[in-house]
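Shown next: target-v6.cif, containing mmCIF, C-alpha atoms and all ligand atoms.
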data_model
loop_
_atom_site.group_PDB
_atom_site.id
_atom_site.type_symbol
_atom_site.label_atom_id
_atom_site.label_comp_id
_atom_site.auth_asym_id
_atom_site.auth_seq_id
_atom_site.Cartn_x
_atom_site.Cartn_y
_atom_site.Cartn_z
ATOM 1 C CA MET A 15 18.812 -85.174 36.044
ATOM 2 C CA TYR A 16 19.315 -82.480 33.410
ATOM 3 C CA GLU A 17 19.669 -84.231 30.061
ATOM 4 C CA ASN A 18 21.298 -82.292 27.286
ATOM 5 C CA LEU A 19 23.397 -84.629 25.287
ATOM 6 C CA THR A 20 24.596 -81.995 22.862
ATOM 7 C CA GLY A 21 27.449 -81.249 25.247
ATOM 8 C CA ILE A 22 27.020 -77.490 25.303
ATOM 9 C CA GLU A 23 29.848 -75.914 27.260
ATOM 10 C CA HIS A 24 28.868 -74.078 30.425
ATOM 11 C CA LYS A 25 31.880 -72.489 32.101
ATOM 12 C CA SER A 26 30.007 -72.098 35.331
ATOM 13 C CA ALA A 27 27.176 -73.775 37.199
ATOM 14 C CA ILE A 28 25.284 -73.260 40.414
ATOM 15 C CA VAL A 29 23.407 -75.920 42.328
ATOM 16 C CA ASP A 30 20.944 -76.104 45.202
ATOM 17 C CA VAL A 31 22.608 -78.521 47.599
ATOM 18 C CA THR A 32 19.667 -78.602 49.982
ATOM 19 C CA ASP A 33 16.248 -77.096 50.619
ATOM 20 C CA GLN A 34 17.003 -76.895 54.345
ATOM 21 C CA CYS A 35 17.919 -73.672 56.112
ATOM 22 C CA ASN A 36 17.897 -72.517 59.734
ATOM 23 C CA LEU A 37 16.806 -68.997 58.692
ATOM 24 C CA ARG A 38 13.836 -67.435 56.913
ATOM 25 C CA CYS A 39 15.265 -64.127 55.712
ATOM 26 C CA LYS A 40 12.884 -61.399 54.576
ATOM 27 C CA HIS A 41 14.363 -61.169 51.082
ATOM 28 C CA CYS A 42 15.030 -64.881 50.481
ATOM 29 C CA PHE A 43 14.748 -65.900 46.821
ATOM 30 C CA TYR A 44 14.499 -69.617 47.625
ATOM 31 C CA PHE A 45 11.628 -69.854 50.078
ATOM 32 C CA ARG A 46 9.458 -67.273 48.308
ATOM 33 C CA GLU A 47 8.573 -69.825 45.607
ATOM 34 C CA GLU A 48 7.298 -73.409 45.733
ATOM 35 C CA HIS A 49 9.719 -76.144 44.715
ATOM 36 C CA GLU A 50 8.813 -79.619 43.554
ATOM 37 C CA SER A 51 12.313 -81.034 43.719
ATOM 38 C CA LYS A 52 13.389 -83.277 46.603
ATOM 39 C CA GLN A 53 16.826 -83.701 48.121
ATOM 40 C CA MET A 54 18.823 -86.531 46.529
ATOM 41 C CA GLU A 55 21.031 -89.010 48.373
ATOM 42 C CA ALA A 56 24.587 -87.668 48.625
ATOM 43 C CA GLU A 57 26.201 -90.335 46.451
ATOM 44 C CA GLU A 58 23.705 -90.021 43.612
ATOM 45 C CA PHE A 59 23.885 -86.222 43.765
ATOM 46 C CA LEU A 60 27.692 -86.169 43.547
ATOM 47 C CA GLU A 61 27.758 -88.773 40.788
ATOM 48 C CA GLY A 62 25.303 -86.621 38.812
ATOM 49 C CA LEU A 63 27.477 -83.540 39.258
ATOM 50 C CA LYS A 64 30.496 -85.464 38.004
ATOM 51 C CA VAL A 65 28.609 -86.435 34.837
ATOM 52 C CA LEU A 66 27.529 -82.835 34.275
ATOM 53 C CA GLN A 67 31.047 -81.494 34.906
ATOM 54 C CA GLU A 68 32.475 -83.776 32.245
ATOM 55 C CA ARG A 69 29.641 -83.287 29.790
ATOM 56 C CA HIS A 70 29.636 -79.487 29.932
ATOM 57 C CA ASN A 71 33.256 -78.853 30.865
ATOM 58 C CA ILE A 72 32.198 -76.869 33.937
ATOM 59 C CA ILE A 73 35.092 -74.954 35.500
ATOM 60 C CA SER A 74 33.381 -73.165 38.345
ATOM 61 C CA MET A 75 30.600 -74.422 40.642
ATOM 62 C CA GLY A 76 28.468 -72.340 42.996
ATOM 63 C CA TRP A 77 27.066 -74.184 46.031
ATOM 64 C CA SER A 78 23.758 -72.713 47.098
ATOM 65 C CA GLY A 79 20.405 -73.722 48.578
ATOM 66 C CA GLY A 80 18.807 -73.363 51.145
ATOM 67 C CA GLU A 81 21.915 -73.292 53.280
ATOM 68 C CA PRO A 82 24.586 -75.443 51.582
ATOM 69 C CA LEU A 83 26.531 -75.939 54.808
ATOM 70 C CA PHE A 84 23.604 -77.949 56.143
ATOM 71 C CA ARG A 85 25.255 -80.679 54.037
ATOM 72 C CA PRO A 86 28.943 -79.993 54.745
ATOM 73 C CA ASP A 87 30.076 -83.491 53.726
ATOM 74 C CA VAL A 88 28.420 -83.196 50.325
ATOM 75 C CA VAL A 89 29.979 -79.789 49.699
ATOM 76 C CA ALA A 90 33.418 -80.965 50.917
ATOM 77 C CA LYS A 91 33.378 -83.914 48.504
ATOM 78 C CA GLY A 92 31.757 -81.922 45.702
ATOM 79 C CA VAL A 93 34.330 -79.125 45.555
ATOM 80 C CA LYS A 94 36.934 -81.697 44.489
ATOM 81 C CA LEU A 95 35.101 -82.099 41.172
ATOM 82 C CA PHE A 96 35.685 -78.487 40.061
ATOM 83 C CA GLN A 97 38.628 -76.177 39.445
ATOM 84 C CA LEU A 98 36.900 -73.305 41.221
ATOM 85 C CA ASN A 99 34.118 -73.173 43.782
ATOM 86 C CA GLN A 100 31.920 -70.544 45.347
ATOM 87 C CA ILE A 101 30.151 -71.318 48.623
ATOM 88 C CA PHE A 102 27.088 -69.150 49.304
ATOM 89 C CA THR A 103 26.362 -69.372 53.008
ATOM 90 C CA ASN A 104 24.551 -67.462 55.725
ATOM 91 C CA GLY A 105 27.622 -67.975 57.922
ATOM 92 C CA THR A 106 25.736 -69.205 60.976
ATOM 93 C CA ASN A 107 27.119 -72.746 60.752
ATOM 94 C CA PRO A 108 30.828 -73.499 61.119
ATOM 95 C CA ILE A 109 32.587 -72.212 57.983
ATOM 96 C CA PRO A 110 34.938 -74.888 56.635
ATOM 97 C CA ARG A 111 38.119 -74.285 54.708
ATOM 98 C CA LEU A 112 37.490 -75.919 51.350
ATOM 99 C CA ARG A 113 39.709 -76.651 48.398
ATOM 100 C CA ARG A 114 39.797 -73.969 45.686
ATOM 101 C CA ALA A 115 36.804 -72.223 47.184
ATOM 102 C CA VAL A 116 35.794 -68.635 47.736
ATOM 103 C CA THR A 117 33.258 -68.334 50.547
ATOM 104 C CA PHE A 118 30.525 -65.718 50.204
ATOM 105 C CA ILE A 119 28.747 -64.853 53.451
ATOM 106 C CA SER A 120 25.460 -63.002 53.157
ATOM 107 C CA MET A 121 25.566 -59.888 55.315
ATOM 108 C CA ASP A 122 22.588 -57.602 55.025
ATOM 109 C CA GLY A 123 23.136 -54.788 57.454
ATOM 110 C CA THR A 124 24.859 -53.412 60.482
ATOM 111 C CA LYS A 125 24.212 -55.589 63.540
ATOM 112 C CA GLU A 126 20.682 -54.402 64.302
ATOM 113 C CA ILE A 127 19.502 -54.359 60.687
ATOM 114 C CA HIS A 128 21.131 -57.673 59.763
ATOM 115 C CA ASN A 129 19.332 -59.288 62.710
ATOM 116 C CA GLU A 130 16.034 -57.714 61.615
ATOM 117 C CA VAL A 131 16.420 -59.040 58.074
ATOM 118 C CA ARG A 132 17.925 -62.452 58.867
ATOM 119 C CA GLY A 133 16.817 -63.193 62.433
ATOM 120 C CA LYS A 134 17.849 -62.495 66.001
ATOM 121 C CA GLY A 135 21.445 -63.329 66.878
ATOM 122 C CA THR A 136 22.517 -64.128 63.309
ATOM 123 C CA TYR A 137 25.001 -61.237 63.134
ATOM 124 C CA GLU A 138 26.695 -62.299 66.358
ATOM 125 C CA LYS A 139 26.852 -65.920 65.182
ATOM 126 C CA VAL A 140 28.584 -64.956 61.917
ATOM 127 C CA MET A 141 31.131 -62.851 63.794
ATOM 128 C CA GLU A 142 31.839 -65.767 66.188
ATOM 129 C CA ASN A 143 32.333 -68.147 63.273
ATOM 130 C CA LEU A 144 34.604 -65.680 61.479
ATOM 131 C CA LYS A 145 36.954 -65.631 64.468
ATOM 132 C CA ILE A 146 37.557 -69.384 64.323
ATOM 133 C CA THR A 147 37.292 -70.262 60.645
ATOM 134 C CA LYS A 148 40.332 -71.178 58.590
ATOM 135 C CA ALA A 149 38.436 -70.463 55.357
ATOM 136 C CA LYS A 150 39.852 -67.870 53.003
ATOM 137 C CA PRO A 151 39.143 -65.805 51.095
ATOM 138 C CA ILE A 152 35.768 -64.702 52.463
ATOM 139 C CA ILE A 153 33.650 -62.074 50.750
ATOM 140 C CA PHE A 154 30.557 -60.456 52.193
ATOM 141 C CA LEU A 155 27.589 -60.448 49.855
ATOM 142 C CA ALA A 156 24.999 -57.795 50.662
ATOM 143 C CA THR A 157 21.563 -57.550 49.071
ATOM 144 C CA PHE A 158 20.053 -54.078 49.330
ATOM 145 C CA HIS A 159 16.357 -53.284 49.597
ATOM 146 C CA ARG A 160 14.079 -50.864 51.414
ATOM 147 C CA ASN A 161 14.779 -52.346 54.842
ATOM 148 C CA ASN A 162 18.549 -51.989 54.737
ATOM 149 C CA GLU A 163 19.633 -49.478 52.052
ATOM 150 C CA HIS A 164 19.993 -46.733 54.653
ATOM 151 C CA CYS A 165 22.932 -48.463 56.336
ATOM 152 C CA LEU A 166 25.068 -49.013 53.206
ATOM 153 C CA GLU A 167 27.809 -46.560 54.225
ATOM 154 C CA ASP A 168 27.973 -47.852 57.824
ATOM 155 C CA MET A 169 28.183 -51.432 56.587
ATOM 156 C CA VAL A 170 31.070 -50.757 54.231
ATOM 157 C CA GLN A 171 32.936 -48.813 56.881
ATOM 158 C CA GLN A 172 32.399 -51.425 59.637
ATOM 159 C CA PHE A 173 33.040 -54.471 57.457
ATOM 160 C CA SER A 174 36.191 -52.981 55.947
ATOM 161 C CA GLU A 175 37.657 -52.801 59.452
ATOM 162 C CA ILE A 176 37.268 -56.543 60.114
ATOM 163 C CA GLY A 177 40.352 -57.497 58.098
ATOM 164 C CA ALA A 178 41.435 -61.017 57.094
ATOM 165 C CA PRO A 179 39.891 -63.396 56.189
ATOM 166 C CA VAL A 180 37.262 -60.906 54.891
ATOM 167 C CA PHE A 181 38.642 -59.637 51.583
ATOM 168 C CA GLY A 182 35.807 -57.386 50.497
ATOM 169 C CA MET A 183 32.129 -56.778 50.047
ATOM 170 C CA PHE A 184 29.965 -57.127 46.993
ATOM 171 C CA ALA A 185 26.657 -55.241 46.801
ATOM 172 C CA MET A 186 23.624 -56.613 44.972
ATOM 173 C CA ILE A 187 20.118 -55.215 44.724
ATOM 174 C CA PHE A 188 16.993 -57.141 45.719
ATOM 175 C CA SER A 189 15.375 -58.707 42.628
ATOM 176 C CA PRO A 190 11.577 -59.023 42.888
ATOM 177 C CA LEU A 191 9.304 -61.663 41.402
ATOM 178 C CA LYS A 192 6.804 -60.675 38.694
ATOM 179 C CA GLN A 193 3.978 -61.910 40.903
ATOM 180 C CA TYR A 194 3.783 -62.955 44.500
ATOM 181 C CA LYS A 195 1.565 -65.491 46.161
ATOM 182 C CA LYS A 196 1.191 -66.751 49.694
ATOM 183 C CA ILE A 197 3.638 -69.556 50.442
ATOM 184 C CA GLU A 198 3.001 -71.880 53.346
ATOM 185 C CA GLY A 199 5.771 -71.664 55.942
ATOM 186 C CA TYR A 200 7.273 -68.437 54.568
ATOM 187 C CA GLN A 201 5.659 -65.374 56.089
ATOM 188 C CA HIS A 202 7.589 -62.833 53.980
ATOM 189 C CA SER A 203 6.401 -63.948 50.525
ATOM 190 C CA VAL A 204 3.523 -61.488 50.240
ATOM 191 C CA LEU A 205 5.473 -58.693 51.899
ATOM 192 C CA GLN A 206 8.480 -58.714 49.568
ATOM 193 C CA LYS A 207 7.011 -56.690 46.706
ATOM 194 C CA ASN A 208 5.640 -53.794 48.739
ATOM 195 C CA LYS A 209 8.145 -53.707 51.560
ATOM 196 C CA LEU A 210 11.461 -54.517 49.915
ATOM 197 C CA ASP A 211 11.437 -53.644 46.225
ATOM 198 C CA LEU A 212 13.209 -50.320 45.578
ATOM 199 C CA THR A 213 11.587 -47.881 43.137
ATOM 200 C CA TRP A 214 13.721 -46.924 40.127
ATOM 201 C CA ASP A 215 14.538 -43.592 41.790
ATOM 202 C CA GLU A 216 15.543 -45.256 45.054
ATOM 203 C CA ARG A 217 17.604 -47.781 43.134
ATOM 204 C CA ASP A 218 19.438 -45.070 41.169
ATOM 205 C CA GLN A 219 20.174 -43.202 44.391
ATOM 206 C CA LEU A 220 21.621 -46.365 45.917
ATOM 207 C CA ILE A 221 23.803 -46.947 42.847
ATOM 208 C CA ASN A 222 25.055 -43.363 43.009
ATOM 209 C CA ARG A 223 25.974 -43.897 46.662
ATOM 210 C CA LEU A 224 27.912 -47.011 45.641
ATOM 211 C CA PHE A 225 29.772 -44.881 43.076
ATOM 212 C CA GLU A 226 30.824 -42.499 45.830
ATOM 213 C CA LEU A 227 31.830 -45.293 48.183
ATOM 214 C CA LYS A 228 33.954 -46.824 45.457
ATOM 215 C CA GLU A 229 36.137 -43.704 45.662
ATOM 216 C CA SER A 230 36.826 -44.261 49.368
ATOM 217 C CA TYR A 231 36.939 -48.094 49.300
ATOM 218 C CA PRO A 232 38.277 -48.921 45.820
ATOM 219 C CA ARG A 233 39.597 -52.357 46.809
ATOM 220 C CA PHE A 234 37.184 -53.417 49.545
ATOM 221 C CA LEU A 235 34.021 -52.686 47.583
ATOM 222 C CA PHE A 236 34.116 -55.167 44.713
ATOM 223 C CA ASN A 237 31.451 -53.574 42.478
ATOM 224 C CA GLU A 238 32.987 -52.101 39.343
ATOM 225 C CA LYS A 239 31.979 -48.578 38.309
ATOM 226 C CA VAL A 240 31.296 -49.515 34.681
ATOM 227 C CA VAL A 241 28.932 -52.243 35.861
ATOM 228 C CA LEU A 242 27.178 -49.908 38.304
ATOM 229 C CA GLU A 243 26.711 -47.489 35.416
ATOM 230 C CA MET A 244 24.841 -50.194 33.464
ATOM 231 C CA MET A 245 22.574 -50.835 36.472
ATOM 232 C CA LEU A 246 21.189 -47.292 36.387
ATOM 233 C CA SER A 247 17.572 -47.064 35.174
ATOM 234 C CA LYS A 248 18.617 -45.337 31.933
ATOM 235 C CA ASN A 249 20.775 -48.364 30.931
ATOM 236 C CA SER A 250 19.207 -51.246 32.788
ATOM 237 C CA GLU A 251 16.707 -52.487 30.197
ATOM 238 C CA SER A 252 19.303 -52.736 27.453
ATOM 239 C CA ALA A 253 21.280 -55.079 29.719
ATOM 240 C CA THR A 254 18.558 -57.277 31.207
ATOM 241 C CA SER A 255 16.737 -57.766 27.880
ATOM 242 C CA LYS A 256 19.864 -59.448 26.465
ATOM 243 C CA CYS A 257 20.850 -61.490 29.512
ATOM 244 C CA ASN A 258 22.166 -64.902 28.501
ATOM 245 C CA MET A 259 22.695 -66.278 31.969
ATOM 246 C CA SER A 260 20.949 -69.529 31.019
ATOM 247 C CA GLU A 261 23.485 -70.186 28.254
ATOM 248 C CA ARG A 262 26.565 -69.361 30.283
ATOM 249 C CA THR A 263 25.623 -70.853 33.617
ATOM 250 C CA LEU A 264 24.051 -74.224 34.247
ATOM 251 C CA THR A 265 21.609 -73.465 37.055
ATOM 252 C CA LEU A 266 20.504 -76.646 38.801
ATOM 253 C CA ASP A 267 17.912 -77.557 41.397
ATOM 254 C CA LEU A 268 18.063 -80.243 44.085
ATOM 255 C CA ASN A 269 17.455 -82.967 41.507
ATOM 256 C CA LEU A 270 20.077 -81.562 39.122
ATOM 257 C CA ASN A 271 17.366 -80.373 36.780
ATOM 258 C CA ARG A 272 17.583 -76.941 35.224
ATOM 259 C CA LYS A 273 16.322 -73.876 37.028
ATOM 260 C CA LEU A 274 15.376 -71.263 34.446
ATOM 261 C CA PRO A 275 15.964 -68.488 33.663
ATOM 262 C CA CYS A 276 18.453 -68.422 36.541
ATOM 263 C CA VAL A 277 19.078 -69.181 40.173
ATOM 264 C CA LEU A 278 16.713 -66.375 41.205
ATOM 265 C CA GLY A 279 13.740 -68.545 40.291
ATOM 266 C CA SER A 280 11.196 -69.093 37.545
ATOM 267 C CA GLY A 281 9.020 -66.103 38.469
ATOM 268 C CA ILE A 282 11.804 -63.531 38.537
ATOM 269 C CA ASP A 283 11.177 -60.046 37.148
ATOM 270 C CA CYS A 284 14.286 -59.704 34.972
ATOM 271 C CA THR A 285 13.583 -56.018 34.320
ATOM 272 C CA LYS A 286 14.552 -55.286 37.945
ATOM 273 C CA CYS A 287 17.431 -57.748 38.183
ATOM 274 C CA GLY A 288 19.863 -56.794 40.928
ATOM 275 C CA CYS A 289 22.553 -59.337 40.040
ATOM 276 C CA PRO A 290 25.647 -57.918 38.284
ATOM 277 C CA PHE A 291 25.758 -60.522 35.506
ATOM 278 C CA PRO A 292 23.639 -58.882 32.741
ATOM 279 C CA TYR A 293 25.228 -55.504 33.441
ATOM 280 C CA GLU A 294 28.780 -56.842 33.116
ATOM 281 C CA GLN A 295 27.769 -58.352 29.802
ATOM 282 C CA GLU A 296 26.295 -55.086 28.558
ATOM 283 C CA ALA A 297 29.411 -53.167 29.592
ATOM 284 C CA ARG A 298 31.467 -55.569 27.474
ATOM 285 C CA ARG A 299 29.068 -55.256 24.558
ATOM 286 C CA ARG A 300 29.497 -51.498 24.665
ATOM 287 C CA GLY A 301 33.201 -51.992 24.171
ATOM 288 C CA LEU A 302 34.406 -51.189 27.653
ATOM 289 C CA LYS A 303 37.769 -52.826 27.963
ATOM 290 C CA GLU A 304 38.393 -55.588 30.496
ATOM 291 C CA LYS A 305 41.161 -53.429 31.949
ATOM 292 C CA GLU A 306 38.677 -50.680 32.709
ATOM 293 C CA MET A 307 36.345 -53.214 34.310
ATOM 294 C CA GLY A 308 38.971 -54.652 36.643
ATOM 295 C CA LEU A 309 38.976 -58.448 36.455
ATOM 296 C CA ALA A 310 35.613 -58.688 34.742
ATOM 297 C CA ASN A 311 35.831 -62.385 33.904
ATOM 298 C CA PRO A 312 34.428 -64.106 37.020
ATOM 299 C CA GLU A 313 36.677 -67.186 36.749
ATOM 300 C CA GLU A 314 39.791 -65.018 36.404
ATOM 301 C CA ARG A 315 38.672 -62.886 39.319
ATOM 302 C CA MET A 316 38.309 -65.953 41.523
ATOM 303 C CA LYS A 317 41.660 -67.444 40.484
ATOM 304 C CA LYS A 318 43.349 -64.198 41.536
ATOM 305 C CA MET A 319 41.865 -64.470 45.006
ATOM 306 C CA LEU A 320 42.826 -68.080 45.669
HETATM 307 S S1 LIG A 401 19.974 -67.994 54.612
HETATM 308 FE FE1 LIG A 401 19.666 -67.939 52.399
HETATM 309 S S2 LIG A 401 18.363 -69.725 51.960
HETATM 310 FE FE2 LIG A 401 18.252 -69.359 54.163
HETATM 311 S S3 LIG A 401 16.415 -68.089 54.393
HETATM 312 FE FE3 LIG A 401 18.188 -66.708 54.265
HETATM 313 S S4 LIG A 401 18.342 -66.137 52.104
HETATM 314 FE FE4 LIG A 401 17.005 -67.961 52.253
HETATM 315 S S1 LIG A 402 17.164 -62.299 36.872
HETATM 316 FE FE1 LIG A 402 18.958 -61.223 36.053
HETATM 317 S S2 LIG A 402 20.575 -62.783 35.885
HETATM 318 FE FE2 LIG A 402 18.595 -63.853 36.099
HETATM 319 S S3 LIG A 402 17.979 -64.264 33.985
HETATM 320 FE FE3 LIG A 402 16.986 -62.354 34.630
HETATM 321 S S4 LIG A 402 18.356 -60.717 33.954
HETATM 322 FE FE4 LIG A 402 19.527 -62.628 33.888
#

Rewrite the structure of this file - the entire thing - as structure tokens.
Ligand code: SF4
Ligand code: SF4
Amino acid sequence: MYENLTGIEHKSAIVDVTDQCNLRCKHCFYFREEHESKQMEAEEFLEGLKVLQERHNIISMGWSGGEPLFRPDVVAKGVKLFQLNQIFTNGTNPIPRLRRAVTFISMDGTKEIHNEVRGKGTYEKVMENLKITKAKPIIFLATFHRNNEHCLEDMVQQFSEIGAPVFGMFAMIFSPLKQYKKIEGYQHSVLQKNKLDLTWDERDQLINRLFELKESYPRFLFNEKVVLEMMLSKNSESATSKCNMSERTLTLDLNLNRKLPCVLGSGIDCTKCGCPFPYEQEARRRGLKEKEMGLANPEERMKKML
């Protein structure tokens, strides 16, 4: 288990609950790299999280994987240890209502495209589960790349019509690795770089389309304009070069050891990061007021939703 007895405060953490998943999505950041860690017994895992919560004063925990809802009992017990929780799921297993938790379901396209990216029938399964779940709030998390960027507008329009318990959609951009190698059991590893990674021009065009959509869907689309602005190629490097994700967030693998520099894996190409975190930070550094950024503090944003 991660040993840092200096008691550094980490407001947030994210942990891999399991290395199991029923899907093998084209853009997956977990299966594209090899992992040495092995799944711990539930009791030991939860005990370790309790120690880390107390030691680092963790407020918010993200439950990831693999598919965290492959271990629903562990997640259900684990959420009780934290004030706030984020469940990152593919939505194809029953979606439980959990204490103080925001559920993020990965949705990567309109029906046809989502099924191409994530596997046949996955879109329909999520929609079935949404009809019967008592979980709320639910947010759709979409990762854009070359295979799905064309359906951005259709996705936002269709998803915004679903209504409760879906509160909104958050758009991220596919983050590539610096180098790819063949991974046994994951056929997409060597294809990711050439097939999915957006060029800087394509990426800027996508961000500009998000700007426009924000006008029509100001509440449903969660991305903030000031953060999108920092993601543009002309600003991006100044944000990613100063990212301090590893200091703020305790990123943990299956054995509760640190994953560095972040949850996206050890080989990540930070220069093309598609996660909002470094860009929010840079917007703050440039003196953009919290008010202009909406609820920029992630913990505050979550509290508002619960
Ligand atoms: S559901 Fe998540 S963990 Fe599973 S293959 Fe897809 S991206 Fe990877
Ligand atoms: S991939 Fe993004 S969030 Fe992760 S460490 Fe690099 S810049 Fe920060």

- Close residues to ligand LIG 402 (chain A) using all atoms listed in the file, limit 9 Å, as a PyMOL selection string: chain A and resi 189-190+253-260+274-279+282-293

- Item | Two-atom distance - CA of Tyr200 in chain A, CA of Thr117 in chain A (Å) | 26.3 Å

- Kindly provide, as a ChimeraX atom specification, all nucleotide and amino acid residues lying within 7 Å of ligand LIG 401 (chain A), counting all atoms listed in the file. /A:35-39,41-45,79-81,103-104,132

- Message: I'd like the interatomic distance between CA of Trp77 in chain A and CA of Phe234 in chain A, to a tenth of an Å.
- Response: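 CA of Trp77 in chain A sits 23.4 Å away from CA of Phe234 in chain A.
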
Given the file shown, determine the residues that the PyMOL selection byres (((chain A and resi 165) around 12) and not hetatm) selects; report them as a PDB file with C-alpha atoms, in the frame of the given file.
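This is the output file selection09.pdb:
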ATOM      1  CA  MET A 121      25.566 -59.888  55.315  1.00  0.00           C
ATOM      2  CA  ASP A 122      22.588 -57.602  55.025  1.00  0.00           C
ATOM      3  CA  GLY A 123      23.136 -54.788  57.454  1.00  0.00           C
ATOM      4  CA  THR A 124      24.859 -53.412  60.482  1.00  0.00           C
ATOM      5  CA  LYS A 125      24.212 -55.589  63.540  1.00  0.00           C
ATOM      6  CA  GLU A 126      20.682 -54.402  64.302  1.00  0.00           C
ATOM      7  CA  ILE A 127      19.502 -54.359  60.687  1.00  0.00           C
ATOM      8  CA  HIS A 128      21.131 -57.673  59.763  1.00  0.00           C
ATOM      9  CA  ALA A 156      24.999 -57.795  50.662  1.00  0.00           C
ATOM     10  CA  THR A 157      21.563 -57.550  49.071  1.00  0.00           C
ATOM     11  CA  PHE A 158      20.053 -54.078  49.330  1.00  0.00           C
ATOM     12  CA  HIS A 159      16.357 -53.284  49.597  1.00  0.00           C
ATOM     13  CA  ARG A 160      14.079 -50.864  51.414  1.00  0.00           C
ATOM     14  CA  ASN A 161      14.779 -52.346  54.842  1.00  0.00           C
ATOM     15  CA  ASN A 162      18.549 -51.989  54.737  1.00  0.00           C
ATOM     16  CA  GLU A 163      19.633 -49.478  52.052  1.00  0.00           C
ATOM     17  CA  HIS A 164      19.993 -46.733  54.653  1.00  0.00           C
ATOM     18  CA  LEU A 166      25.068 -49.013  53.206  1.00  0.00           C
ATOM     19  CA  GLU A 167      27.809 -46.560  54.225  1.00  0.00           C
ATOM     20  CA  ASP A 168      27.973 -47.852  57.824  1.00  0.00           C
ATOM     21  CA  MET A 169      28.183 -51.432  56.587  1.00  0.00           C
ATOM     22  CA  VAL A 170      31.070 -50.757  54.231  1.00  0.00           C
ATOM     23  CA  GLN A 171      32.936 -48.813  56.881  1.00  0.00           C
ATOM     24  CA  GLN A 172      32.399 -51.425  59.637  1.00  0.00           C
ATOM     25  CA  PHE A 173      33.040 -54.471  57.457  1.00  0.00           C
ATOM     26  CA  LEU A 220      21.621 -46.365  45.917  1.00  0.00           C
ATOM     27  CA  ARG A 223      25.974 -43.897  46.662  1.00  0.00           C
ATOM     28  CA  LEU A 224      27.912 -47.011  45.641  1.00  0.00           C
TER      29      LEU A 224
END

- Task: Give me the result of the PyMOL selection byres (((chain A and resi 239) around 8) and not hetatm) on this file, residue by residue, as an MDAnalysis selection string.
- Result: chainID A and resid 225 228 237:238 240:243 307

- Query: To one decimal place, how far is CA of Ser203 in chain A from CA of Val89 in chain A in Å?
  - Reply: 28.4 Å

- Message: List as a VMD selection string the protein and nucleic acid residues near range 153-155 of chain A, meaning an atom at most 7 Å away when all atoms listed in the file are counted, but skip any in the same chain fewer than 5 places from it.
- Response: chain A and resid 117 to 121 180 to 185

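Proximity ranking of A:Phe188, A:Asn269, A:Met244, A:Arg111 relative to Ala297 in chain A places A:Met244 first, based on all atoms listed in the file.
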
- Looking at all atoms listed in the file, which of A:Val29, A:Ile73, A:Ile146, A:Leu264 is the one that sits closest to Ile109 in chain A?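 Of A:Val29, A:Ile73, A:Ile146, A:Leu264, the one nearest Ile109 in chain A, counting all atoms listed in the file, is A:Ile146.
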
- Message: Taking all atoms listed in the file into account, name the residue in A:Leu320, A:Val31, A:Leu66, A:Met186 that is nearest to Pro82 in chain A.
- Response: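 Nearest candidate to Pro82 in chain A out of A:Leu320, A:Val31, A:Leu66, A:Met186: A:Val31.
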
- Message: Nearest residue to Ser280 in chain A out of A:Glu261, A:Glu68, A:Glu48, A:Glu216, using all atoms listed in the file?
- Response: A:Glu48

- Query: Which residues come within 12 Å of Asp215 in chain A, counting all atoms listed in the file, excluding same-chain residues fewer than 4 positions away, as a PyMOL selection string?
  - Reply: chain A and resi 211+219-222+246-248

- Message: Give me, as a ChimeraX atom specification, all polymer residues having an atom no more than 6 Å from Leu98 in chain A, counting only C-alpha atoms and skipping those fewer than 2 positions away in the same chain.
- Response: /A:74,96,114

Dump C-alpha atoms for the selected residues as a short mmCIF file (atom, residue, chain, number, x, y, z; two decimals), keeping the file's coordinate frame?
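The result, stored in out-v9.cif:
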data_model
loop_
_atom_site.label_atom_id
_atom_site.label_comp_id
_atom_site.auth_asym_id
_atom_site.auth_seq_id
_atom_site.Cartn_x
_atom_site.Cartn_y
_atom_site.Cartn_z
CA SER A 74 33.38 -73.17 38.34
CA PHE A 96 35.68 -78.49 40.06
CA ARG A 114 39.80 -73.97 45.69
#

- Item | Close residues, Leu112 in chain A itself excluded, 7 Å, only C-alpha atoms, min 3 positions apart in chain, as a VMD selection string | chain A and resid 90 115 149

- Close residues, Ala56 in chain A itself excluded, 12 Å, only C-alpha atoms, min 6 positions apart in chain, as a ChimeraX atom specification: /A:31-32,62-63,85-92,268-269

- Item | Which residue of A:Gly105, A:Asn129, A:Leu235, A:Glu175 approaches Glu142 in chain A most closely, using all atoms listed in the file |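 Comparing A:Gly105, A:Asn129, A:Leu235, A:Glu175 against Glu142 in chain A, the winner is A:Gly105.
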
- A:Leu83, A:Val131, A:Ala27, A:Leu95 ranked by distance to His70 in chain A, top pick (using all atoms listed in the file): A:Ala27

- Hey, can you pull every residue with an atom no more than 6 Å from (27.7, -72.2, 33.5), using all atoms listed in the file, and send it as a VMD selection string? chain A and resid 24 to 27 262 to 264
